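Chemist: Structure below; questions to follow.
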Amino acid sequence: MGKVTFDVDNCKGCGLCVLACPKKILQISQDVINKKGHHPAEITDESACIGCASCATMCPDCIITVERE
Amino acid sequence: MADKVLMKGNEAIAEAAIIAGCRHYFGYPITPQTEIAAYMAKQMPKIGGTFLQAESEIAAINMVYGVSSAGKRVMTSSSSPGISLKGEGISYLAGADLPALIVNAQRGGPGLGGIQPSQSDYFQATRGGGHGDYHLIVLTPASVQEMAELTIKGFELADKYRMPAMILADGTIGQMMEPVSFDFEVAPQIEKPWATTGTKMERKHNIVNSLYLDPATLEVKNIERYERYKIVEENETMYEEYMADDADIVLAAFGIAARVAKSAVNEARKQGIKAGLIRPITVWPFPKAPFKKAVEHCKAIISVELSMGQMIEDVKLASEMKVPVTLTSRVGGMIPTPNQILEDIKKAAEGGR
Amino acid sequence: MVVFEKPKALTDVPFHYCPGCTHGIVHRLVAEVIDELGIEGKTIGIAPVGCSVMAYDYFTCDMIEAAHGRAPAVATGVKRADPENHIVFTYQGDGDLASIGMAETVHAAARNENITIIFINNAIYGMTGGQMAPTSLPGQVTQTSPYGRNTDLCGWPIKVCELLSELDGPEYLERVTVNSVAHVRQAKRAIKKAFQNQIDNKGFSLIEVLSSCPTNWGMTPEKALKWIDDAMIPYYPLGVYKDRSAQKKEA
């Protein structure tokens with residue numbers, strides 16, 4: 001249904017996308033550290049994404065691209 | 001010869017600005033320069049220009065900053081206390097390499113001071129007036145005709161060197177009436193590819209800015225600007241010499257003070273004293289050459305000013321103190337008489353101090 | 001099909017803002033509106049002094065950096081330089097717009113200057129490290145009100161939309177926020193209207209955006225969004241404070 005892509009290296013790990021996601025399928029990674037030194041956002045269940053773009057709407061750094069079938 | 005019209009100095013500035021292609025004027029009321037605003041308020045609507053009375057001198061200079069950013073000729077005018085308020089904006093204009101014309105019809109200071117003529121903003125004008133390393137091109141008219149001519153020159157130089165220019169006048173020249181001819185050749189305005197006029201989706205965005213957080217970049221910007229200033233110094237320094245070639249006593253004076261000084265020179269010559277005058281027309285860049293030449297033959301230099309002695313510092317530097325340099329001045333709105341100057345010429349001629 | 005991506009009116013330069021700072025959302029909304037209205041080529045933006053001082057690096061349109069508080073005066077100049085061909089917006093914070101630049105703000109509004117102002121109210125001076133702003137709330141702890149804003153000592157916050165709404169000049173005044181998806185969508189509608197008003201030559205539009213400053217509020221980004229709901233909106237109610245064209249229609 002939906003697909004989100006993160007520009008991982010420009011994510012600041014603020015978590016506003018996590019808060020906004022109605023499906024609760026986003027999280028701040030605890031393992032990955034990006035170039036900026038932040039734990040970036042990641043998706044836990046790609047199949048559950050509905051492509052609503054709530055995450056991207058709240059992302060202050062414009063790092064989320066959303067596609068929908 | 002073209003027809004001349006009888007006009008106040010301030011009005012001559014306004015008319016010349018219009019001839020120079022200036023279609024945007026922003027000001028705030030202050031004596032003694034209000035005629036400029038009044039003239040612009042009348043004329044601009046007739047020629048599709050903008051006259052806007054701003055809420056403050058600060059707002060006015062920032063409106064100037066906006067129009068200049070958009071690549072158009074623009075001016076503001078004020079008098080001493082108002083110029084202090086514009087200091088911030090002038091520094092930003094200089095820092096963003098923006099051309100503009102600023103008129104200062106000087107009055108006595110400091111503080112609210114008075115409304116009578118003065119030349120006590122010399123330091124402020126020639127040293128920049130605001131914060132940071134920068135200069136303005138400072139033009140000092142001594143007649144109504146020069147008010148007009150130097151206004152046009154000011155716009156041209158400002159555009160050419162991408163820096164603000166100032167007409168450093170005073171209440172007297174602003175208010176007095178003289179015949180003036182507006183038969184000028186005005187050079188076509190130069191292209192301004194740096195201006196923020198909208199990309200029209202044809203180029204990368206232009207940015208008008210004075211912020212450089214990286215110190216190495218800011219240093220380079222400053223050095224580049226001073227290299228440009230060096231070219232201005234080499235090419236655009238203006239002065240008038242009056243019987244200075246063989247003078248024993250050389251007067252240094254600009255603007256209204258130079259007119260009184262000229263009378264004193266004439267009187268001194270009548271009385272057999274070889275007096276002369278060097279009149280800087282640009283006070284930044286300051287004309288050093290005529291003073292270097294003068295000290296080869298003169299006995300003394302007298303700086304005649306309507307201040308407690310400001311230009312005298314540049315005169316001392318330019319003459320390298322090879323002869324005594326003294327001050328003849330009145331301040332607070334007072335103007336020296338030719339006699340006062342003559343007395344000081346006589347003293348200097350006798351070798352007294 | 002791509003349903004959401006970075007707008008074209010933003011450059012590739014990553015924002016320098018702190019994690020969770022909502023400046024980025026508002027920048028994006030402005031850029032989206034510029035894209036949708038197709039006005040990038042004629043738009044000139046004015047950056048303030050404050051956190052968004054480097055906004056000139058982020059927008060692809062022509063940009064000018066103004067002195068602190070003077071953006072409305074600079075915008076006045078740019079607009080009047082070519083009223084037919086310039087779309088001009090300023091982007092200013094609360095210290096810039098409501099403290100040092102209050103005179104420029106009020107007079108641009110009074111003149112109904114045909115410009116668009118995006119006003120970020122986050123109740124604090126961000127760039128300088130969290131000092132009390134003209135919009136800091138009563139009791140709010142900041143670096144320069146360490147015991148909480150004492151209204152006996154330093155007065156009351158300034159409600160910009162309410163204040164300007166008393167003037168006959170301005171065309172459109174609305175206060176929005178960006179602390180939820182629904183609020184972001186409303187904010188975008190407001191910003192679009194503010195630009196459309198300028199295109200339609202209606203005059204001065206100001207959109208006040210209640211924004212978060214997690215760093216200087218000393219909160220997580222999540223708590224900061226909640227603080228907008230709990231503390232800011234009650235003091236600064238959202239809504240349209242002036243819409244002259246709509247008022248005219250009603251009358």
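In the structure tokens, chains take the letters A, B, ... in the order shown, each chain's residues start at 1, and ligands count up from 1 in the order shown.
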I'd like the neighbourhood of Ala165 (chain B) as a ChimeraX atom specification, where a residue qualifies if any of its atoms comes within 12 Å (using only C-alpha atoms), though same-chain residues fewer than 3 positions away should be ignored.

Modeler: /B:73-77,90-91,93-94,97-104,125-126,128,134-140,150-162,168,232,282-285

Chemist: At a cut-off of 7 Å, which residues of chain B touch chain C? Count only C-alpha atoms and give the answer as a tab-separated table (two decimals) with all heavy atoms, in the first residue's frame.

Modeler:
```
chain	number	residue	atom	x	y	z
B	55	GLU	N	8.52	54.97	9.10
B	55	GLU	CA	8.18	55.15	10.51
B	55	GLU	C	9.37	55.60	11.34
B	55	GLU	O	9.22	56.02	12.48
B	55	GLU	CB	7.58	53.86	11.09
B	55	GLU	CG	8.49	52.63	11.00
B	55	GLU	CD	8.27	51.82	9.73
B	55	GLU	OE1	7.92	52.42	8.70
B	55	GLU	OE2	8.44	50.59	9.77
B	59	ALA	N	13.86	52.40	9.76
B	59	ALA	CA	13.04	51.75	8.75
B	59	ALA	C	13.40	52.27	7.37
B	59	ALA	O	13.50	51.50	6.40
B	59	ALA	CB	11.56	51.97	9.04
B	62	ASN	N	16.43	50.74	5.92
B	62	ASN	CA	16.22	49.33	5.58
B	62	ASN	C	15.32	49.17	4.36
B	62	ASN	O	15.43	48.18	3.63
B	62	ASN	CB	15.68	48.57	6.79
B	62	ASN	CG	16.80	48.25	7.76
B	62	ASN	OD1	17.61	47.35	7.52
B	62	ASN	ND2	16.91	49.01	8.84
B	63	MET	N	14.45	50.14	4.12
B	63	MET	CA	13.71	50.16	2.85
B	63	MET	C	14.68	50.40	1.70
B	63	MET	O	14.58	49.79	0.63
B	63	MET	CB	12.61	51.23	2.89
B	63	MET	CG	11.49	50.88	3.86
B	63	MET	SD	10.38	52.27	4.15
B	63	MET	CE	9.30	51.57	5.42
B	64	VAL	N	15.63	51.28	1.96
B	64	VAL	CA	16.70	51.53	0.98
B	64	VAL	C	17.44	50.22	0.70
B	64	VAL	O	17.71	49.87	-0.46
B	64	VAL	CB	17.68	52.61	1.51
B	64	VAL	CG1	18.97	52.64	0.69
B	64	VAL	CG2	17.01	53.97	1.50
B	65	TYR	N	17.74	49.50	1.76
B	65	TYR	CA	18.42	48.19	1.63
B	65	TYR	C	17.62	47.25	0.74
B	65	TYR	O	18.17	46.54	-0.10
B	65	TYR	CB	18.59	47.62	3.04
B	65	TYR	CG	19.36	46.33	3.20
B	65	TYR	CD1	20.71	46.33	3.50
B	65	TYR	CD2	18.71	45.09	3.10
B	65	TYR	CE1	21.41	45.14	3.69
B	65	TYR	CE2	19.40	43.90	3.28
B	65	TYR	CZ	20.76	43.93	3.57
B	65	TYR	OH	21.45	42.75	3.76
B	66	GLY	N	16.31	47.28	0.90
B	66	GLY	CA	15.44	46.41	0.10
B	66	GLY	C	15.45	46.78	-1.37
B	66	GLY	O	15.63	45.92	-2.24
B	67	VAL	N	15.28	48.06	-1.66
B	67	VAL	CA	15.25	48.49	-3.07
B	67	VAL	C	16.61	48.24	-3.71
B	67	VAL	O	16.71	47.77	-4.85
B	67	VAL	CB	14.86	49.98	-3.18
B	67	VAL	CG1	15.05	50.47	-4.62
B	67	VAL	CG2	13.42	50.19	-2.75
B	70	ALA	N	17.15	44.84	-4.73
B	70	ALA	CA	16.42	44.55	-5.95
B	70	ALA	C	17.02	45.28	-7.16
B	70	ALA	O	16.44	45.29	-8.24
B	70	ALA	CB	14.94	44.92	-5.79
B	72	LYS	N	17.80	48.53	-7.82
B	72	LYS	CA	17.39	49.86	-8.32
B	72	LYS	C	18.08	50.98	-7.55
B	72	LYS	O	18.45	50.81	-6.39
B	72	LYS	CB	15.86	49.99	-8.16
B	72	LYS	CG	15.10	48.92	-8.92
B	72	LYS	CD	14.02	49.52	-9.78
B	72	LYS	CE	13.59	48.55	-10.85
B	72	LYS	NZ	12.14	48.41	-10.93
B	196	THR	N	18.58	40.73	-6.26
B	196	THR	CA	17.50	39.78	-5.97
B	196	THR	C	16.21	40.31	-6.60
B	196	THR	O	15.45	41.03	-5.97
B	196	THR	CB	17.32	39.59	-4.46
B	196	THR	OG1	17.21	40.89	-3.84
B	196	THR	CG2	18.49	38.87	-3.83
B	198	GLY	N	14.20	38.03	-8.33
B	198	GLY	CA	13.50	36.81	-8.71
B	198	GLY	C	14.34	36.04	-9.71
B	198	GLY	O	14.92	36.64	-10.63
B	199	THR	N	14.43	34.73	-9.52
B	199	THR	CA	15.31	33.93	-10.39
B	199	THR	C	14.73	33.76	-11.79
B	199	THR	O	15.44	33.44	-12.72
B	199	THR	CB	15.52	32.52	-9.82
B	199	THR	OG1	14.24	31.84	-9.80
B	199	THR	CG2	16.09	32.55	-8.41
B	200	LYS	N	13.41	34.00	-11.93
B	200	LYS	CA	12.68	33.72	-13.17
B	200	LYS	C	12.95	32.29	-13.64
B	200	LYS	O	12.81	31.98	-14.84
B	200	LYS	CB	13.01	34.74	-14.25
B	200	LYS	CG	12.67	36.15	-13.77
B	200	LYS	CD	13.00	37.24	-14.75
B	200	LYS	CE	12.57	38.60	-14.22
B	200	LYS	NZ	13.30	39.02	-13.00
B	201	MET	N	13.39	31.46	-12.73
B	201	MET	CA	13.72	30.06	-12.99
B	201	MET	C	14.82	29.94	-14.05
B	201	MET	O	14.92	28.94	-14.75
B	201	MET	CB	12.48	29.26	-13.41
B	201	MET	CG	11.29	29.39	-12.47
B	201	MET	SD	11.68	28.99	-10.75
B	201	MET	CE	11.38	27.22	-10.74
B	205	HIS	N	19.69	30.91	-7.22
B	205	HIS	CA	19.23	32.07	-6.45
B	205	HIS	C	20.37	33.00	-6.05
B	205	HIS	O	21.47	32.57	-5.74
B	205	HIS	CB	18.41	31.65	-5.23
B	205	HIS	CG	19.16	30.93	-4.15
B	205	HIS	ND1	18.64	30.74	-2.89
B	205	HIS	CD2	20.38	30.33	-4.13
B	205	HIS	CE1	19.51	30.07	-2.15
B	205	HIS	NE2	20.56	29.80	-2.86
B	206	ASN	N	20.06	34.29	-6.10
B	206	ASN	CA	20.97	35.30	-5.58
B	206	ASN	C	20.69	35.50	-4.10
B	206	ASN	O	19.53	35.44	-3.67
B	206	ASN	CB	20.78	36.63	-6.31
B	206	ASN	CG	21.41	36.62	-7.69
B	206	ASN	OD1	22.30	35.81	-7.96
B	206	ASN	ND2	20.95	37.50	-8.56
B	207	ILE	N	21.75	35.74	-3.34
B	207	ILE	CA	21.59	35.99	-1.92
B	207	ILE	C	22.28	37.31	-1.58
B	207	ILE	O	23.44	37.50	-1.92
B	207	ILE	CB	22.20	34.85	-1.07
B	207	ILE	CG1	21.47	33.52	-1.36
B	207	ILE	CG2	22.13	35.18	0.41
B	207	ILE	CD1	22.10	32.31	-0.68
B	208	VAL	N	21.53	38.21	-0.95
B	208	VAL	CA	22.11	39.45	-0.44
B	208	VAL	C	22.32	39.26	1.05
B	208	VAL	O	21.36	39.01	1.78
B	208	VAL	CB	21.18	40.65	-0.71
B	208	VAL	CG1	21.67	41.89	0.03
B	208	VAL	CG2	21.09	40.92	-2.21
B	209	ASN	N	23.55	39.38	1.50
B	209	ASN	CA	23.84	38.93	2.86
B	209	ASN	C	25.12	39.58	3.37
B	209	ASN	O	26.03	39.86	2.61
B	209	ASN	CB	24.02	37.40	2.82
B	209	ASN	CG	24.35	36.82	4.17
B	209	ASN	OD1	23.87	37.32	5.19
B	209	ASN	ND2	25.14	35.78	4.20
```

Chemist: Within 10 Å of chain C, which residues of chain A show up when using only C-alpha atoms, listed as a ChimeraX atom specification?

Modeler: /A:2-5,10-21,38,51-69

Chemist: Kindly save the residues from that selection, with N, CA, C and O atoms included, as a compact mmCIF listing (two decimals), in the first residue's frame.

Modeler:
```
# COMPACT_ATOMS: atom_id res chain seq x y z
N GLY A 2 1.57 1.44 1.10
CA GLY A 2 2.42 2.63 1.18
C GLY A 2 3.87 2.26 1.37
O GLY A 2 4.20 1.13 1.73
N LYS A 3 4.72 3.25 1.07
CA LYS A 3 6.15 2.99 1.24
C LYS A 3 6.83 4.29 1.70
O LYS A 3 6.64 5.35 1.09
N VAL A 4 7.57 4.21 2.80
CA VAL A 4 8.32 5.39 3.24
C VAL A 4 9.81 5.14 3.06
O VAL A 4 10.30 4.05 3.30
N THR A 5 10.52 6.19 2.61
CA THR A 5 11.97 6.11 2.47
C THR A 5 12.58 7.24 3.29
O THR A 5 12.13 8.40 3.19
N ASN A 10 20.45 12.38 7.09
CA ASN A 10 20.02 13.71 7.51
C ASN A 10 18.96 13.67 8.60
O ASN A 10 18.39 14.70 8.97
N CYS A 11 18.67 12.47 9.11
CA CYS A 11 17.70 12.35 10.21
C CYS A 11 18.38 12.76 11.51
O CYS A 11 19.54 12.42 11.75
N LYS A 12 17.63 13.53 12.34
CA LYS A 12 18.19 13.96 13.63
C LYS A 12 17.60 13.16 14.78
O LYS A 12 17.81 13.49 15.95
N GLY A 13 16.81 12.16 14.45
CA GLY A 13 16.28 11.28 15.49
C GLY A 13 15.34 11.95 16.48
O GLY A 13 15.26 11.54 17.64
N CYS A 14 14.63 12.99 16.02
CA CYS A 14 13.78 13.74 16.95
C CYS A 14 12.54 12.95 17.36
O CYS A 14 11.95 13.20 18.41
N GLY A 15 12.11 12.02 16.49
CA GLY A 15 10.99 11.15 16.85
C GLY A 15 9.61 11.73 16.57
O GLY A 15 8.61 11.11 16.94
N LEU A 16 9.53 12.89 15.91
CA LEU A 16 8.20 13.45 15.64
C LEU A 16 7.42 12.58 14.66
O LEU A 16 6.19 12.48 14.74
N CYS A 17 8.13 11.88 13.77
CA CYS A 17 7.46 10.97 12.84
C CYS A 17 6.87 9.77 13.59
O CYS A 17 5.77 9.30 13.29
N VAL A 18 7.64 9.31 14.57
CA VAL A 18 7.18 8.16 15.37
C VAL A 18 5.85 8.50 16.04
O VAL A 18 4.90 7.72 16.04
N LEU A 19 5.80 9.71 16.60
CA LEU A 19 4.58 10.17 17.28
C LEU A 19 3.40 10.27 16.33
O LEU A 19 2.26 9.99 16.69
N ALA A 20 3.69 10.68 15.09
CA ALA A 20 2.62 10.98 14.15
C ALA A 20 2.04 9.74 13.48
O ALA A 20 0.91 9.75 13.00
N CYS A 21 2.80 8.66 13.45
CA CYS A 21 2.37 7.49 12.69
C CYS A 21 1.13 6.83 13.30
O CYS A 21 1.17 6.37 14.44
N HIS A 38 23.31 10.78 15.04
CA HIS A 38 21.99 10.55 15.63
C HIS A 38 21.54 9.11 15.39
O HIS A 38 21.91 8.48 14.39
N GLY A 51 0.75 4.70 3.75
CA GLY A 51 1.13 5.83 2.88
C GLY A 51 0.38 7.10 3.18
O GLY A 51 0.14 7.91 2.29
N CYS A 52 0.05 7.32 4.45
CA CYS A 52 -0.75 8.51 4.81
C CYS A 52 0.08 9.78 4.87
O CYS A 52 -0.47 10.88 4.89
N ALA A 53 1.41 9.63 4.95
CA ALA A 53 2.34 10.77 4.97
C ALA A 53 2.28 11.59 6.25
O ALA A 53 2.80 12.70 6.31
N SER A 54 1.66 11.06 7.28
CA SER A 54 1.66 11.78 8.57
C SER A 54 3.08 11.98 9.07
O SER A 54 3.43 13.04 9.60
N CYS A 55 3.91 10.95 8.91
CA CYS A 55 5.31 11.04 9.36
C CYS A 55 6.02 12.18 8.66
O CYS A 55 6.68 13.01 9.29
N ALA A 56 5.86 12.21 7.33
CA ALA A 56 6.55 13.24 6.54
C ALA A 56 6.00 14.62 6.84
O ALA A 56 6.74 15.61 6.83
N THR A 57 4.71 14.69 7.14
CA THR A 57 4.09 15.97 7.47
C THR A 57 4.72 16.57 8.72
O THR A 57 4.88 17.78 8.82
N MET A 58 5.08 15.73 9.66
CA MET A 58 5.66 16.22 10.91
C MET A 58 7.18 16.26 10.89
O MET A 58 7.79 16.78 11.83
N CYS A 59 7.81 15.70 9.88
CA CYS A 59 9.28 15.67 9.87
C CYS A 59 9.85 17.07 9.67
O CYS A 59 9.62 17.69 8.63
N PRO A 60 10.61 17.59 10.63
CA PRO A 60 11.13 18.95 10.49
C PRO A 60 12.31 19.03 9.53
O PRO A 60 12.77 20.13 9.22
N ASP A 61 12.81 17.91 9.07
CA ASP A 61 14.01 17.95 8.24
C ASP A 61 13.80 17.45 6.82
O ASP A 61 14.78 17.26 6.08
N CYS A 62 12.53 17.24 6.45
CA CYS A 62 12.22 16.88 5.06
C CYS A 62 13.00 15.66 4.59
O CYS A 62 13.50 15.65 3.46
N ILE A 63 13.14 14.66 5.44
CA ILE A 63 13.97 13.52 5.02
C ILE A 63 13.13 12.31 4.66
O ILE A 63 13.66 11.25 4.36
N ILE A 64 11.79 12.46 4.67
CA ILE A 64 10.93 11.31 4.39
C ILE A 64 10.23 11.50 3.05
O ILE A 64 9.62 12.54 2.78
N THR A 65 10.36 10.49 2.21
CA THR A 65 9.60 10.46 0.96
C THR A 65 8.55 9.36 1.11
O THR A 65 8.85 8.28 1.62
N VAL A 66 7.33 9.67 0.68
CA VAL A 66 6.24 8.71 0.83
C VAL A 66 5.67 8.36 -0.54
O VAL A 66 5.41 9.25 -1.36
N GLU A 67 5.52 7.07 -0.77
CA GLU A 67 4.90 6.62 -2.03
C GLU A 67 3.65 5.81 -1.70
O GLU A 67 3.55 5.22 -0.63
N ARG A 68 2.73 5.78 -2.64
CA ARG A 68 1.50 5.02 -2.46
C ARG A 68 1.17 4.32 -3.76
O ARG A 68 1.36 4.88 -4.84
N GLU A 69 0.68 3.11 -3.65
CA GLU A 69 0.34 2.37 -4.86
C GLU A 69 -1.01 2.81 -5.41
O GLU A 69 -1.89 3.20 -4.67
```

Chemist: What does the distance between CA of Ala12 (chain B) and CA of Gln119 (chain B) come to in Å, to one decimal place?

Modeler: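 About the pair CA of Ala12 (chain B) and CA of Gln119 (chain B): they are 19.9 Å apart.
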
Chemist: If we count only C-alpha atoms and set the cut-off at 6 Å, which residues sit around Ile25 (chain A), ignoring sequence neighbours fewer than 6 positions away in its own chain? Please answer as JSON, numbers by chain.

Modeler: {"A": [43, 44, 45]}

Chemist: Report as a ChimeraX atom specification: the residues of chain A with a DSSP assignment of alpha helix (DSSP H), based on the backbone of this structure.

Modeler: /A:16-20,54-58

Chemist: Take the residues just selected and output them with N, CA, C and O atoms as an mmCIF file, in the first residue's frame.

Modeler:
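See part_17.cif below for the written result:
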```cif
data_model
loop_
_atom_site.group_PDB
_atom_site.id
_atom_site.type_symbol
_atom_site.label_atom_id
_atom_site.label_comp_id
_atom_site.auth_asym_id
_atom_site.auth_seq_id
_atom_site.Cartn_x
_atom_site.Cartn_y
_atom_site.Cartn_z
ATOM 1 N N LEU A 16 9.529 12.894 15.910
ATOM 2 C CA LEU A 16 8.199 13.452 15.638
ATOM 3 C C LEU A 16 7.416 12.577 14.662
ATOM 4 O O LEU A 16 6.191 12.476 14.738
ATOM 5 N N CYS A 17 8.130 11.878 13.768
ATOM 6 C CA CYS A 17 7.457 10.969 12.838
ATOM 7 C C CYS A 17 6.875 9.767 13.592
ATOM 8 O O CYS A 17 5.774 9.300 13.290
ATOM 9 N N VAL A 18 7.636 9.308 14.569
ATOM 10 C CA VAL A 18 7.181 8.162 15.368
ATOM 11 C C VAL A 18 5.853 8.497 16.042
ATOM 12 O O VAL A 18 4.897 7.717 16.038
ATOM 13 N N LEU A 19 5.796 9.714 16.603
ATOM 14 C CA LEU A 19 4.582 10.173 17.279
ATOM 15 C C LEU A 19 3.400 10.270 16.326
ATOM 16 O O LEU A 19 2.257 9.990 16.686
ATOM 17 N N ALA A 20 3.693 10.681 15.091
ATOM 18 C CA ALA A 20 2.623 10.983 14.147
ATOM 19 C C ALA A 20 2.042 9.738 13.484
ATOM 20 O O ALA A 20 0.913 9.747 12.999
ATOM 21 N N SER A 54 1.662 11.061 7.281
ATOM 22 C CA SER A 54 1.655 11.781 8.567
ATOM 23 C C SER A 54 3.080 11.977 9.073
ATOM 24 O O SER A 54 3.428 13.039 9.604
ATOM 25 N N CYS A 55 3.912 10.950 8.910
ATOM 26 C CA CYS A 55 5.308 11.039 9.359
ATOM 27 C C CYS A 55 6.023 12.184 8.655
ATOM 28 O O CYS A 55 6.678 13.014 9.287
ATOM 29 N N ALA A 56 5.861 12.214 7.329
ATOM 30 C CA ALA A 56 6.550 13.239 6.535
ATOM 31 C C ALA A 56 6.002 14.625 6.844
ATOM 32 O O ALA A 56 6.738 15.614 6.828
ATOM 33 N N THR A 57 4.710 14.686 7.140
ATOM 34 C CA THR A 57 4.093 15.968 7.469
ATOM 35 C C THR A 57 4.724 16.569 8.718
ATOM 36 O O THR A 57 4.882 17.785 8.823
ATOM 37 N N MET A 58 5.079 15.726 9.657
ATOM 38 C CA MET A 58 5.658 16.218 10.914
ATOM 39 C C MET A 58 7.177 16.264 10.894
ATOM 40 O O MET A 58 7.788 16.785 11.826
#
```

Chemist: Determine which residues of chain A DSSP labels as strand (DSSP E or B) from the backbone of this structure, then write them out as a VMD selection string.

Modeler: chain A and resid 2 to 6 26 to 28 41 to 43 64 to 68

Chemist: Give me a file of those residues, with N, CA and C atoms, as a PDB file, in the first residue's frame.

Modeler:
```
ATOM      1  N   GLY A   2       1.572   1.436   1.100  1.00  0.00           N
ATOM      2  CA  GLY A   2       2.424   2.627   1.183  1.00  0.00           C
ATOM      3  C   GLY A   2       3.874   2.259   1.371  1.00  0.00           C
ATOM      4  N   LYS A   3       4.725   3.255   1.066  1.00  0.00           N
ATOM      5  CA  LYS A   3       6.149   2.994   1.243  1.00  0.00           C
ATOM      6  C   LYS A   3       6.826   4.292   1.703  1.00  0.00           C
ATOM      7  N   VAL A   4       7.568   4.213   2.802  1.00  0.00           N
ATOM      8  CA  VAL A   4       8.321   5.387   3.241  1.00  0.00           C
ATOM      9  C   VAL A   4       9.813   5.138   3.065  1.00  0.00           C
ATOM     10  N   THR A   5      10.517   6.193   2.608  1.00  0.00           N
ATOM     11  CA  THR A   5      11.971   6.110   2.468  1.00  0.00           C
ATOM     12  C   THR A   5      12.579   7.243   3.288  1.00  0.00           C
ATOM     13  N   PHE A   6      13.566   6.883   4.083  1.00  0.00           N
ATOM     14  CA  PHE A   6      14.221   7.906   4.909  1.00  0.00           C
ATOM     15  C   PHE A   6      15.570   8.292   4.308  1.00  0.00           C
ATOM     16  N   LEU A  26       6.731   3.078  13.246  1.00  0.00           N
ATOM     17  CA  LEU A  26       8.033   3.753  13.165  1.00  0.00           C
ATOM     18  C   LEU A  26       8.677   3.744  14.542  1.00  0.00           C
ATOM     19  N   GLN A  27      10.006   3.732  14.538  1.00  0.00           N
ATOM     20  CA  GLN A  27      10.725   3.831  15.805  1.00  0.00           C
ATOM     21  C   GLN A  27      12.077   4.502  15.571  1.00  0.00           C
ATOM     22  N   ILE A  28      12.680   4.975  16.646  1.00  0.00           N
ATOM     23  CA  ILE A  28      14.045   5.494  16.560  1.00  0.00           C
ATOM     24  C   ILE A  28      14.964   4.305  16.797  1.00  0.00           C
ATOM     25  N   ALA A  41      15.381   7.479  12.438  1.00  0.00           N
ATOM     26  CA  ALA A  41      14.090   6.792  12.439  1.00  0.00           C
ATOM     27  C   ALA A  41      14.134   5.608  11.479  1.00  0.00           C
ATOM     28  N   GLU A  42      13.330   4.602  11.770  1.00  0.00           N
ATOM     29  CA  GLU A  42      13.237   3.451  10.864  1.00  0.00           C
ATOM     30  C   GLU A  42      11.841   2.855  10.962  1.00  0.00           C
ATOM     31  N   ILE A  43      11.511   2.050   9.961  1.00  0.00           N
ATOM     32  CA  ILE A  43      10.180   1.431   9.925  1.00  0.00           C
ATOM     33  C   ILE A  43      10.292  -0.014  10.403  1.00  0.00           C
ATOM     34  N   ILE A  64      11.794  12.460   4.671  1.00  0.00           N
ATOM     35  CA  ILE A  64      10.927  11.315   4.388  1.00  0.00           C
ATOM     36  C   ILE A  64      10.227  11.496   3.046  1.00  0.00           C
ATOM     37  N   THR A  65      10.363  10.491   2.207  1.00  0.00           N
ATOM     38  CA  THR A  65       9.603  10.456   0.958  1.00  0.00           C
ATOM     39  C   THR A  65       8.548   9.357   1.105  1.00  0.00           C
ATOM     40  N   VAL A  66       7.331   9.670   0.683  1.00  0.00           N
ATOM     41  CA  VAL A  66       6.240   8.705   0.831  1.00  0.00           C
ATOM     42  C   VAL A  66       5.675   8.360  -0.540  1.00  0.00           C
ATOM     43  N   GLU A  67       5.522   7.074  -0.774  1.00  0.00           N
ATOM     44  CA  GLU A  67       4.905   6.617  -2.025  1.00  0.00           C
ATOM     45  C   GLU A  67       3.655   5.811  -1.699  1.00  0.00           C
ATOM     46  N   ARG A  68       2.730   5.778  -2.644  1.00  0.00           N
ATOM     47  CA  ARG A  68       1.500   5.017  -2.458  1.00  0.00           C
ATOM     48  C   ARG A  68       1.174   4.320  -3.764  1.00  0.00           C
TER      49      ARG A  68
END
```

Chemist: Could you please determine the separation between CA of His297 (chain B) and CA of Ile312 (chain B) in Å, to one decimal place?

Modeler: 19.2 Å

Chemist: I want to know what sits within 12 Å of Asp344 (chain B), based on only C-alpha atoms, with residues of the same chain fewer than 6 positions away left out; could you give that as an MDAnalysis selection string?

Modeler: chainID B and resid 249:251 261 264:265 268 273 275 300:304 325:329 336:338 350:353

Chemist: Please provide the set of residues having any atom within 9 Å of region 195-197 of chain C, restricted to only C-alpha atoms, with same-chain residues fewer than 3 positions apart removed, written as a list in words.

Modeler: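 Everything that qualifies: Val33, Ile34, Leu37, Ile87, Val88, Phe89, Asn114, Ile115, Thr116, Glu171, Tyr172, Ala190, Ile191, Lys192, Asp200, Asn201, Lys202, Gly203, Phe204 and Ser205 of chain C.
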
Chemist: Show which residues sit within 7 Å of region 130-142 of chain C, as a list in words. Count only C-alpha atoms, and ignore same-chain residues fewer than 5 positions away.

Modeler: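 Returned residues: Asp94, Gly95, Ala98, Ser99, Ala123, Ile124, Tyr125, Tyr147, Gly148, Arg149, Asn150, Thr151, Trp156, Pro157, Ile158 and Asn216 of chain C.
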
Chemist: List the spatial neighbours of Pro170 (chain C) as a list in words - criterion: any atom at most 9 Å away, only C-alpha atoms, same-chain residues fewer than 5 positions off excluded.

Modeler: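 Answer for this query is Ala108, Ala109, Ala110, Arg111, Asn112, Glu113, Leu164, Ser165, Gly203, Phe204, Ser205, Leu206, Lys242, Asp243 and Arg244 of chain C.
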
Chemist: Go through C:Val240, C:Val160, C:Ala224, C:Cys154 one by one, measure the shortest atom-to-atom distance of each to Gln186 (chain C) using only C-alpha atoms, and give the residue with the smallest value.

Modeler: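 Nearest to Gln186 (chain C): C:Val240.
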